[in-house]
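For reference, coords_16.pdb (PDB, C-alpha atoms and all ligand atoms):
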```
MODEL        1
ATOM      1  CA  MET A 902      15.642 -25.667  17.852
ATOM      2  CA  ARG A 903      14.160 -25.475  14.371
ATOM      3  CA  ILE A 904      11.213 -23.126  14.158
ATOM      4  CA  ALA A 905       8.980 -22.759  11.097
ATOM      5  CA  VAL A 906       7.907 -19.129  10.647
ATOM      6  CA  VAL A 907       4.693 -18.882   8.635
ATOM      7  CA  SER A 908       2.322 -16.042   7.830
ATOM      8  CA  ASP A 909      -0.671 -15.158   5.673
ATOM      9  CA  ILE A 910      -1.720 -18.759   5.040
ATOM     10  CA  HIS A 911      -5.167 -17.460   3.999
ATOM     11  CA  GLY A 912      -7.035 -20.744   4.055
ATOM     12  CA  ASN A 913      -4.654 -22.377   1.578
ATOM     13  CA  LEU A 914      -4.109 -25.810   3.153
ATOM     14  CA  SER A 915      -2.265 -27.237   0.153
ATOM     15  CA  ALA A 916       0.354 -24.458   0.449
ATOM     16  CA  LEU A 917       0.592 -24.891   4.237
ATOM     17  CA  GLU A 918       1.143 -28.657   3.963
ATOM     18  CA  ALA A 919       3.830 -28.138   1.298
ATOM     19  CA  VAL A 920       5.663 -25.653   3.526
ATOM     20  CA  LEU A 921       5.507 -27.965   6.548
ATOM     21  CA  ARG A 922       6.787 -30.904   4.487
ATOM     22  CA  ASP A 923       9.650 -28.744   3.227
ATOM     23  CA  ALA A 924      10.494 -27.562   6.750
ATOM     24  CA  GLU A 925      10.453 -31.147   8.057
ATOM     25  CA  SER A 926      12.613 -32.465   5.231
ATOM     26  CA  GLY A 927      15.697 -31.219   7.080
ATOM     27  CA  GLY A 928      14.675 -32.674  10.458
ATOM     28  CA  PRO A 929      11.836 -32.365  12.952
ATOM     29  CA  ILE A 930      10.253 -28.967  13.611
ATOM     30  CA  ASP A 931      10.230 -27.953  17.279
ATOM     31  CA  ALA A 932       7.825 -25.038  16.975
ATOM     32  CA  VAL A 933       5.665 -23.075  14.557
ATOM     33  CA  TRP A 934       5.346 -19.301  14.794
ATOM     34  CA  CYS A 935       2.436 -17.822  12.843
ATOM     35  CA  LEU A 936       2.161 -14.114  12.059
ATOM     36  CA  GLY A 937      -1.565 -14.040  11.363
ATOM     37  CA  ASP A 938      -4.061 -14.088   8.480
ATOM     38  CA  THR A 939      -4.517 -17.831   8.631
ATOM     39  CA  VAL A 940      -7.988 -17.444   7.102
ATOM     40  CA  GLY A 941      -9.592 -15.253   4.443
ATOM     41  CA  TYR A 942      -9.374 -15.592   0.596
ATOM     42  CA  GLY A 943      -8.677 -19.347   0.529
ATOM     43  CA  PRO A 944     -10.995 -22.370   0.502
ATOM     44  CA  GLN A 945      -9.987 -24.237   3.698
ATOM     45  CA  PRO A 946     -10.030 -21.828   6.663
ATOM     46  CA  ALA A 947     -11.203 -24.362   9.279
ATOM     47  CA  GLU A 948      -8.631 -26.939   8.136
ATOM     48  CA  CYS A 949      -5.800 -24.384   8.418
ATOM     49  CA  ILE A 950      -6.939 -23.347  11.907
ATOM     50  CA  ALA A 951      -7.064 -27.017  12.967
ATOM     51  CA  ARG A 952      -3.579 -27.704  11.565
ATOM     52  CA  LEU A 953      -2.027 -24.797  13.476
ATOM     53  CA  ARG A 954      -3.797 -25.713  16.704
ATOM     54  CA  GLU A 955      -2.742 -29.357  16.367
ATOM     55  CA  MET A 956       0.884 -28.196  16.127
ATOM     56  CA  GLY A 957       0.497 -25.853  19.100
ATOM     57  CA  ALA A 958       1.547 -22.859  17.009
ATOM     58  CA  VAL A 959       2.521 -19.594  18.638
ATOM     59  CA  TRP A 960       0.109 -17.328  16.787
ATOM     60  CA  VAL A 961      -0.798 -13.651  16.636
ATOM     61  CA  ALA A 962      -3.991 -12.336  15.049
ATOM     62  CA  GLY A 963      -4.109 -10.565  11.706
ATOM     63  CA  ASN A 964      -6.870  -8.405  10.247
ATOM     64  CA  HIS A 965      -8.404 -11.485   8.586
ATOM     65  CA  GLU A 966      -8.745 -13.411  11.876
ATOM     66  CA  ARG A 967     -10.517 -10.370  13.292
ATOM     67  CA  ALA A 968     -12.763  -9.866  10.246
ATOM     68  CA  ALA A 969     -13.622 -13.580   9.944
ATOM     69  CA  THR A 970     -15.240 -13.616  13.370
ATOM     70  CA  GLY A 971     -16.977 -10.269  12.922
ATOM     71  CA  ALA A 972     -14.759  -8.671  15.601
ATOM     72  CA  MET A 973     -13.676  -6.204  12.886
ATOM     73  CA  SER A 974     -15.920  -4.874  10.138
ATOM     74  CA  THR A 975     -15.080  -5.398   6.459
ATOM     75  CA  GLU A 976     -15.903  -1.803   5.453
ATOM     76  CA  TYR A 977     -12.248  -1.057   4.572
ATOM     77  CA  PHE A 978     -11.769  -4.328   2.685
ATOM     78  CA  ASN A 979     -11.942  -4.319  -1.128
ATOM     79  CA  PRO A 980     -15.119  -5.989  -2.491
ATOM     80  CA  ASP A 981     -13.428  -9.327  -3.285
ATOM     81  CA  ALA A 982     -11.843  -9.504   0.169
ATOM     82  CA  ALA A 983     -15.141  -8.582   1.831
ATOM     83  CA  GLN A 984     -17.012 -11.271  -0.123
ATOM     84  CA  ALA A 985     -14.392 -13.882   0.767
ATOM     85  CA  THR A 986     -14.539 -12.807   4.411
ATOM     86  CA  LEU A 987     -18.295 -13.330   4.584
ATOM     87  CA  TRP A 988     -17.875 -16.767   3.005
ATOM     88  CA  THR A 989     -15.116 -17.584   5.533
ATOM     89  CA  ARG A 990     -17.354 -16.517   8.432
ATOM     90  CA  GLN A 991     -19.944 -19.088   7.314
ATOM     91  CA  GLN A 992     -17.335 -21.877   7.366
ATOM     92  CA  LEU A 993     -16.312 -21.381  11.000
ATOM     93  CA  ASN A 994     -18.147 -22.680  14.045
ATOM     94  CA  GLU A 995     -18.550 -20.845  17.349
ATOM     95  CA  GLU A 996     -15.635 -22.615  18.996
ATOM     96  CA  GLU A 997     -13.269 -21.767  16.109
ATOM     97  CA  CYS A 998     -14.370 -18.120  16.210
ATOM     98  CA  ALA A 999     -13.770 -17.985  19.966
ATOM     99  CA  ALA A1000     -10.267 -19.410  19.440
ATOM    100  CA  LEU A1001      -9.512 -16.727  16.826
ATOM    101  CA  ASP A1002     -10.911 -13.953  19.016
ATOM    102  CA  ALA A1003      -8.669 -15.125  21.866
ATOM    103  CA  LEU A1004      -5.491 -14.666  19.804
ATOM    104  CA  PRO A1005      -3.267 -11.811  21.006
ATOM    105  CA  GLU A1006      -2.139  -9.077  18.597
ATOM    106  CA  VAL A1007       1.417  -8.863  19.961
ATOM    107  CA  MET A1008       3.549 -11.614  21.521
ATOM    108  CA  THR A1009       7.115 -11.891  22.749
ATOM    109  CA  GLU A1010       9.053 -15.133  22.265
ATOM    110  CA  GLY A1011      12.559 -14.821  23.693
ATOM    111  CA  GLU A1012      14.353 -12.120  21.714
ATOM    112  CA  PHE A1013      11.516 -11.811  19.178
ATOM    113  CA  THR A1014       8.395  -9.657  19.082
ATOM    114  CA  LEU A1015       5.638 -11.076  16.882
ATOM    115  CA  VAL A1016       2.982  -8.850  15.283
ATOM    116  CA  HIS A1017       0.981  -9.109  12.040
ATOM    117  CA  GLY A1018       1.271  -5.485  10.890
ATOM    118  CA  THR A1019       3.382  -3.103  12.958
ATOM    119  CA  LEU A1020       3.661  -2.247  16.637
ATOM    120  CA  ARG A1021       2.091   1.130  15.839
ATOM    121  CA  ASP A1022      -1.030  -0.501  14.409
ATOM    122  CA  PRO A1023      -0.843  -4.291  15.014
ATOM    123  CA  VAL A1024      -3.416  -5.665  12.601
ATOM    124  CA  TRP A1025      -3.640  -2.924   9.967
ATOM    125  CA  GLU A1026      -0.412  -1.136   9.121
ATOM    126  CA  TYR A1027       1.813  -2.494   6.332
ATOM    127  CA  LEU A1028       5.546  -2.470   7.055
ATOM    128  CA  TYR A1029       6.849  -1.858   3.556
ATOM    129  CA  SER A1030       8.775   1.452   3.761
ATOM    130  CA  GLU A1031      11.695   2.837   5.716
ATOM    131  CA  GLU A1032       9.400   5.413   7.328
ATOM    132  CA  VAL A1033       6.980   2.804   8.677
ATOM    133  CA  ALA A1034       9.877   0.543   9.695
ATOM    134  CA  LEU A1035      11.371   3.342  11.815
ATOM    135  CA  ALA A1036       8.053   3.939  13.587
ATOM    136  CA  HIS A1037       7.814   0.201  14.291
ATOM    137  CA  LEU A1038      11.454  -0.091  15.434
ATOM    138  CA  ALA A1039      10.992   2.773  17.909
ATOM    139  CA  LEU A1040       8.376   0.620  19.672
ATOM    140  CA  GLN A1041      10.185  -2.729  19.369
ATOM    141  CA  GLU A1042      11.808  -3.531  22.711
ATOM    142  CA  THR A1043      13.377  -6.840  21.638
ATOM    143  CA  PRO A1044      16.306  -7.014  19.200
ATOM    144  CA  PHE A1045      14.281  -8.927  16.629
ATOM    145  CA  GLY A1046      10.786  -8.566  15.247
ATOM    146  CA  LEU A1047       8.655 -10.747  13.003
ATOM    147  CA  VAL A1048       5.794  -9.333  10.943
ATOM    148  CA  GLY A1049       3.501 -10.438   8.108
ATOM    149  CA  HIS A1050       0.658  -8.662   6.273
ATOM    150  CA  THR A1051       2.543  -7.409   3.161
ATOM    151  CA  HIS A1052       2.912 -10.924   1.673
ATOM    152  CA  VAL A1053       6.480 -10.019   0.627
ATOM    153  CA  PRO A1054       9.545 -11.604   2.317
ATOM    154  CA  MET A1055      11.828  -8.915   3.633
ATOM    155  CA  VAL A1056      14.393  -7.898   6.248
ATOM    156  CA  VAL A1057      14.960  -4.534   7.951
ATOM    157  CA  TYR A1058      18.199  -3.770   9.768
ATOM    158  CA  GLN A1059      18.965  -0.848  12.042
ATOM    159  CA  HIS A1060      22.497  -0.348  13.383
ATOM    160  CA  PRO A1061      22.580   0.827  17.039
ATOM    161  CA  ASP A1062      24.133   4.163  15.965
ATOM    162  CA  TRP A1063      21.373   4.856  13.449
ATOM    163  CA  THR A1064      18.429   6.791  14.815
ATOM    164  CA  GLN A1065      16.704   8.047  11.681
ATOM    165  CA  GLU A1066      17.561   5.376   9.156
ATOM    166  CA  CYS A1067      17.395   1.665   8.484
ATOM    167  CA  ASP A1068      18.082  -0.703   5.590
ATOM    168  CA  LEU A1069      15.270  -2.638   3.990
ATOM    169  CA  TYR A1070      15.765  -5.550   1.589
ATOM    170  CA  GLN A1071      13.400  -7.912  -0.182
ATOM    171  CA  LEU A1072      14.391 -11.582   0.146
ATOM    172  CA  ARG A1073      14.368 -14.360  -2.423
ATOM    173  CA  HIS A1074      14.369 -18.161  -2.360
ATOM    174  CA  GLY A1075      17.408 -19.655  -0.671
ATOM    175  CA  GLU A1076      18.607 -16.546   1.148
ATOM    176  CA  ALA A1077      19.737 -16.856   4.756
ATOM    177  CA  VAL A1078      19.722 -13.969   7.216
ATOM    178  CA  ARG A1079      22.085 -14.121  10.157
ATOM    179  CA  LEU A1080      20.660 -12.438  13.249
ATOM    180  CA  ALA A1081      22.663  -9.318  14.029
ATOM    181  CA  GLU A1082      24.703  -9.238  17.238
ATOM    182  CA  ARG A1083      24.099  -5.517  17.526
ATOM    183  CA  GLY A1084      21.217  -3.354  16.437
ATOM    184  CA  LYS A1085      17.674  -4.373  15.600
ATOM    185  CA  MET A1086      16.032  -6.378  12.871
ATOM    186  CA  VAL A1087      12.543  -6.950  11.558
ATOM    187  CA  LEU A1088      11.864  -9.961   9.354
ATOM    188  CA  ASN A1089       8.901 -10.904   7.192
ATOM    189  CA  ALA A1090       8.674 -14.521   6.007
ATOM    190  CA  GLY A1091       6.302 -13.650   3.150
ATOM    191  CA  SER A1092       2.985 -15.378   2.554
ATOM    192  CA  VAL A1093       2.333 -19.122   2.587
ATOM    193  CA  GLY A1094      -1.039 -18.976   0.860
ATOM    194  CA  GLN A1095      -1.072 -15.855  -1.322
ATOM    195  CA  PRO A1096       2.413 -14.535  -2.286
ATOM    196  CA  ARG A1097       2.430 -11.071  -3.869
ATOM    197  CA  ASP A1098       5.988 -10.679  -5.165
ATOM    198  CA  HIS A1099       5.366 -12.298  -8.573
ATOM    199  CA  ASP A1100       6.658 -15.661  -7.340
ATOM    200  CA  PRO A1101       3.606 -17.918  -6.876
ATOM    201  CA  ARG A1102       5.472 -20.434  -4.716
ATOM    202  CA  ALA A1103       4.555 -20.590  -1.013
ATOM    203  CA  SER A1104       6.912 -18.525   1.139
ATOM    204  CA  TYR A1105       8.176 -19.206   4.675
ATOM    205  CA  ALA A1106      11.282 -19.042   6.847
ATOM    206  CA  LEU A1107      13.041 -21.636   8.947
ATOM    207  CA  TYR A1108      14.676 -20.265  12.088
ATOM    208  CA  ASP A1109      17.635 -22.313  13.295
ATOM    209  CA  THR A1110      18.223 -21.035  16.831
ATOM    210  CA  GLU A1111      21.666 -22.645  17.178
ATOM    211  CA  ALA A1112      22.971 -21.153  13.956
ATOM    212  CA  GLY A1113      21.279 -17.831  14.754
ATOM    213  CA  GLU A1114      19.955 -17.778  11.206
ATOM    214  CA  LEU A1115      16.688 -17.620   9.345
ATOM    215  CA  PHE A1116      16.578 -19.424   6.039
ATOM    216  CA  PHE A1117      14.019 -18.111   3.527
ATOM    217  CA  ALA A1118      12.521 -20.646   1.149
ATOM    218  CA  ARG A1119       9.905 -20.836  -1.594
ATOM    219  CA  VAL A1120       8.025 -24.083  -2.086
ATOM    220  CA  GLU A1121       6.011 -25.354  -5.037
ATOM    221  CA  TYR A1122       2.535 -26.523  -4.096
ATOM    222  CA  ASP A1123      -0.563 -27.713  -5.917
ATOM    223  CA  VAL A1124      -1.969 -24.304  -6.927
ATOM    224  CA  ASN A1125      -4.606 -25.987  -9.148
ATOM    225  CA  ALA A1126      -5.999 -27.988  -6.241
ATOM    226  CA  THR A1127      -6.546 -24.805  -4.215
ATOM    227  CA  GLN A1128      -8.021 -22.983  -7.215
ATOM    228  CA  LYS A1129     -10.428 -25.861  -7.893
ATOM    229  CA  LEU A1130     -11.733 -25.735  -4.311
ATOM    230  CA  MET A1131     -12.117 -21.957  -4.583
ATOM    231  CA  LYS A1132     -14.156 -22.309  -7.785
ATOM    232  CA  GLU A1133     -16.400 -24.894  -6.133
ATOM    233  CA  ALA A1134     -16.910 -22.529  -3.195
ATOM    234  CA  GLY A1135     -17.833 -19.688  -5.568
ATOM    235  CA  LEU A1136     -15.054 -17.408  -4.320
ATOM    236  CA  PRO A1137     -14.232 -14.279  -6.408
ATOM    237  CA  ARG A1138     -12.443 -14.942  -9.719
ATOM    238  CA  TRP A1139      -9.599 -12.503  -9.151
ATOM    239  CA  LEU A1140      -8.691 -14.213  -5.870
ATOM    240  CA  ILE A1141      -8.459 -17.515  -7.769
ATOM    241  CA  GLU A1142      -6.396 -16.086 -10.648
ATOM    242  CA  ARG A1143      -3.881 -14.198  -8.551
ATOM    243  CA  LEU A1144      -2.568 -17.432  -6.994
ATOM    244  CA  SER A1145      -1.105 -18.485 -10.372
ATOM    245  CA  GLN A1146       0.543 -15.114 -10.800
ATOM    246  CA  GLY A1147       1.856 -14.584  -7.281
ATOM    247  CA  ARG A1148       0.438 -11.113  -6.956
TER     248      ARG A1148
HETATM  249 ZN    ZN B   1      -2.690 -11.316   4.532
ENDMDL
END
```
Show me the file's structure as structure tokens.
Amino acid sequence: MRIAVVSDIHGNLSALEAVLRDAESGGPIDAVWCLGDTVGYGPQPAECIARLREMGAVWVAGNHERAATGAMSTEYFNPDAAQATLWTRQQLNEEECAALDALPEVMTEGEFTLVHGTLRDPVWEYLYSEEVALAHLALQETPFGLVGHTHVPMVVYQHPDWTQECDLYQLRHGEAVRLAERGKMVLNAGSVGQPRDHDPRASYALYDTEAGELFFARVEYDVNATQKLMKEAGLPRWLIERLSQGR
């Protein structure tokens, strides 16, 4: 099976389509796993929701799915994020909101646990440090975990003999990670629609189940097209600018 792992699409349909085209260039995709934050910031939230549903994506909720429907308040969002969230809420109909509200926060797919943030705090906590990774790993019952939320592609490895330590590496375009036969791993495929590691290209991972490997790729997409739609929608300037900078 070839599974496309996507996260933090953030209403950026142009980036999502580019990633799917890239994933399909090597053969058909059997499944899509989405780690949340499909909406928020970007100009095409409803279109991104429709695309994932059409593909029957396995999908966990992020903080932006929760905020977009009003299930979570925006009081802890920065002003730009809060403004974009209110705009997003106006773009979604009742049926789309109900579909987002029905998304689980944690899912298990075979040997993988899927969660947007961490298992300690599924939609809010950022897994970016060894300390947070250890807290997450202590709760992860499967050998492998997939997270999103930080918008930075990364892998965490914990050897079975290690109790109070783990290794954490950032990943770049073209790197492949072989799933460990022993120990635990957590992987983050980065962000499709709003990368934050100074590489503006859309980020995703392709999981080849036979090879037991995840291949991390960055894909060029039409950033200007997304920015133009954001300008037309009157979305905050910084959210438009950051897409060119990848931060
Ligand atoms: Zn996000």
Counting all atoms listed in the file, which of A:Leu987, A:Met1086, A:Cys998, A:Leu1020 gets nearest to Ser974 of chain A? A:Leu987
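Of the listed residues (A:Ala1034, A:Leu1080, A:Val1048, A:Leu1001), A:Leu1080 comes nearest to Thr1110 of chain A; the distances count only C-alpha atoms.
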Enumerate as a VMD selection string the residues within 9 Å of ligand ZN 1 (chain B), counting all atoms listed in the file. chain A and resid 908 to 911 937 to 942 963 to 965 1017 1049 to 1052 1092 1094 to 1095
Could you tell me how far atom CA of Pro946 of chain A sits from atom CA of Gly1046 of chain A, in Å to one decimal place?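 Separation between atom CA of Gly1046 of chain A and atom CA of Pro946 of chain A: 26.1 Å.
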To one decimal place in Å, what is the distance between atom CA of Met1008 of chain A and atom CA of Asn979 of chain A? 28.4 Å
Nearest residue to Glu1031 of chain A out of A:Ala905, A:Ala924, A:Val1057, A:Met973, using only C-alpha atoms?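 For Glu1031 of chain A, the nearest of the candidates is A:Val1057.
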Run the PyMOL selection byres (((chain A and resi 1115) around 7) and not hetatm) against the file shown and list the residues it catches, as number ranges by chain. A: 1077-1079, 1106-1109, 1114, 1116-1117
Just-selected residues, C-alpha atoms written as a CSV table (one decimal), in the frame of the given file:
```
chain,number,residue,atom,x,y,z
A,1077,ALA,CA,19.7,-16.9,4.8
A,1078,VAL,CA,19.7,-14.0,7.2
A,1079,ARG,CA,22.1,-14.1,10.2
A,1106,ALA,CA,11.3,-19.0,6.8
A,1107,LEU,CA,13.0,-21.6,8.9
A,1108,TYR,CA,14.7,-20.3,12.1
A,1109,ASP,CA,17.6,-22.3,13.3
A,1114,GLU,CA,20.0,-17.8,11.2
A,1116,PHE,CA,16.6,-19.4,6.0
A,1117,PHE,CA,14.0,-18.1,3.5
```
Using all atoms listed in the file, which residue out of A:Gly928, A:Pro1137, A:Pro980, A:Gly1147 lies closest to Pro944 of chain A?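 Under the stated criterion, the closest residue is A:Pro1137.
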What does the distance from atom CA of Thr1014 of chain A to atom CA of Gln1041 of chain A come to in Å, to one decimal?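 Computing the Euclidean distance for atom CA of Thr1014 of chain A and atom CA of Gln1041 of chain A yields 7.2 Å.
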Using only C-alpha atoms, determine which residues lie at most 10 Å from Glu1042 of chain A, disregarding the query and same-chain residues fewer than 2 positions distant; provide the list as a PDB file with C-alpha atoms, in the frame of the given file.
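Full text of out.pdb as output:
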```
ATOM      1  CA  THR A1009       7.115 -11.891  22.749  1.00  0.00           C
ATOM      2  CA  GLU A1012      14.353 -12.120  21.714  1.00  0.00           C
ATOM      3  CA  PHE A1013      11.516 -11.811  19.178  1.00  0.00           C
ATOM      4  CA  THR A1014       8.395  -9.657  19.082  1.00  0.00           C
ATOM      5  CA  LEU A1038      11.454  -0.091  15.434  1.00  0.00           C
ATOM      6  CA  ALA A1039      10.992   2.773  17.909  1.00  0.00           C
ATOM      7  CA  LEU A1040       8.376   0.620  19.672  1.00  0.00           C
ATOM      8  CA  PRO A1044      16.306  -7.014  19.200  1.00  0.00           C
ATOM      9  CA  PHE A1045      14.281  -8.927  16.629  1.00  0.00           C
ATOM     10  CA  GLY A1046      10.786  -8.566  15.247  1.00  0.00           C
ATOM     11  CA  LYS A1085      17.674  -4.373  15.600  1.00  0.00           C
TER      12      LYS A1085
END
```
Shell of 7 Å around segment 1100-1105 of chain A, only C-alpha atoms, local chain residues under 6 positions omitted, as a ChimeraX atom specification: /A:906-907,916,920,1090-1094,1117-1122,1144-1147
Could you save the residues just selected, with C-alpha atoms, as a PDB file, keeping the file's coordinate frame?
```
ATOM      1  CA  VAL A 906       7.907 -19.129  10.647  1.00  0.00           C
ATOM      2  CA  VAL A 907       4.693 -18.882   8.635  1.00  0.00           C
ATOM      3  CA  ALA A 916       0.354 -24.458   0.449  1.00  0.00           C
ATOM      4  CA  VAL A 920       5.663 -25.653   3.526  1.00  0.00           C
ATOM      5  CA  ALA A1090       8.674 -14.521   6.007  1.00  0.00           C
ATOM      6  CA  GLY A1091       6.302 -13.650   3.150  1.00  0.00           C
ATOM      7  CA  SER A1092       2.985 -15.378   2.554  1.00  0.00           C
ATOM      8  CA  VAL A1093       2.333 -19.122   2.587  1.00  0.00           C
ATOM      9  CA  GLY A1094      -1.039 -18.976   0.860  1.00  0.00           C
ATOM     10  CA  PHE A1117      14.019 -18.111   3.527  1.00  0.00           C
ATOM     11  CA  ALA A1118      12.521 -20.646   1.149  1.00  0.00           C
ATOM     12  CA  ARG A1119       9.905 -20.836  -1.594  1.00  0.00           C
ATOM     13  CA  VAL A1120       8.025 -24.083  -2.086  1.00  0.00           C
ATOM     14  CA  GLU A1121       6.011 -25.354  -5.037  1.00  0.00           C
ATOM     15  CA  TYR A1122       2.535 -26.523  -4.096  1.00  0.00           C
ATOM     16  CA  LEU A1144      -2.568 -17.432  -6.994  1.00  0.00           C
ATOM     17  CA  SER A1145      -1.105 -18.485 -10.372  1.00  0.00           C
ATOM     18  CA  GLN A1146       0.543 -15.114 -10.800  1.00  0.00           C
ATOM     19  CA  GLY A1147       1.856 -14.584  -7.281  1.00  0.00           C
TER      20      GLY A1147
END
```
Given the file above and the PyMOL selection byres (((chain A and resi 984) around 12) and not hetatm), which residues are selected, and can you give them as a VMD selection string? chain A and resid 941 to 943 968 to 969 975 to 976 978 to 983 985 to 991 1134 to 1140
When distances are computed from only C-alpha atoms, which of A:Met902, A:Ile950, A:Leu936, A:Val1016 shows the smallest separation from Leu914 of chain A? A:Ile950
Tell me which of A:Leu1035, A:Val1053, A:Leu993, A:Leu1047 sits closest to Asp1068 of chain A, counting only C-alpha atoms.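 With only C-alpha atoms as the atom set, the closest residue is A:Leu1035.
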The PyMOL selection byres (((chain A and resi 1003) around 12) and not hetatm) - which residues does that actually catch in the file I just gave you? List them as an MDAnalysis selection string. chainID A and resid 960:962 966:967 970 972 996:1002 1004:1006
Taking C-alpha atoms for each residue, export the selection above as a compact mmCIF listing (two decimals), in the coordinates of the input.
```
# COMPACT_ATOMS: atom_id res chain seq x y z
CA TRP A 960 0.11 -17.33 16.79
CA VAL A 961 -0.80 -13.65 16.64
CA ALA A 962 -3.99 -12.34 15.05
CA GLU A 966 -8.74 -13.41 11.88
CA ARG A 967 -10.52 -10.37 13.29
CA THR A 970 -15.24 -13.62 13.37
CA ALA A 972 -14.76 -8.67 15.60
CA GLU A 996 -15.64 -22.62 19.00
CA GLU A 997 -13.27 -21.77 16.11
CA CYS A 998 -14.37 -18.12 16.21
CA ALA A 999 -13.77 -17.98 19.97
CA ALA A 1000 -10.27 -19.41 19.44
CA LEU A 1001 -9.51 -16.73 16.83
CA ASP A 1002 -10.91 -13.95 19.02
CA LEU A 1004 -5.49 -14.67 19.80
CA PRO A 1005 -3.27 -11.81 21.01
CA GLU A 1006 -2.14 -9.08 18.60
```
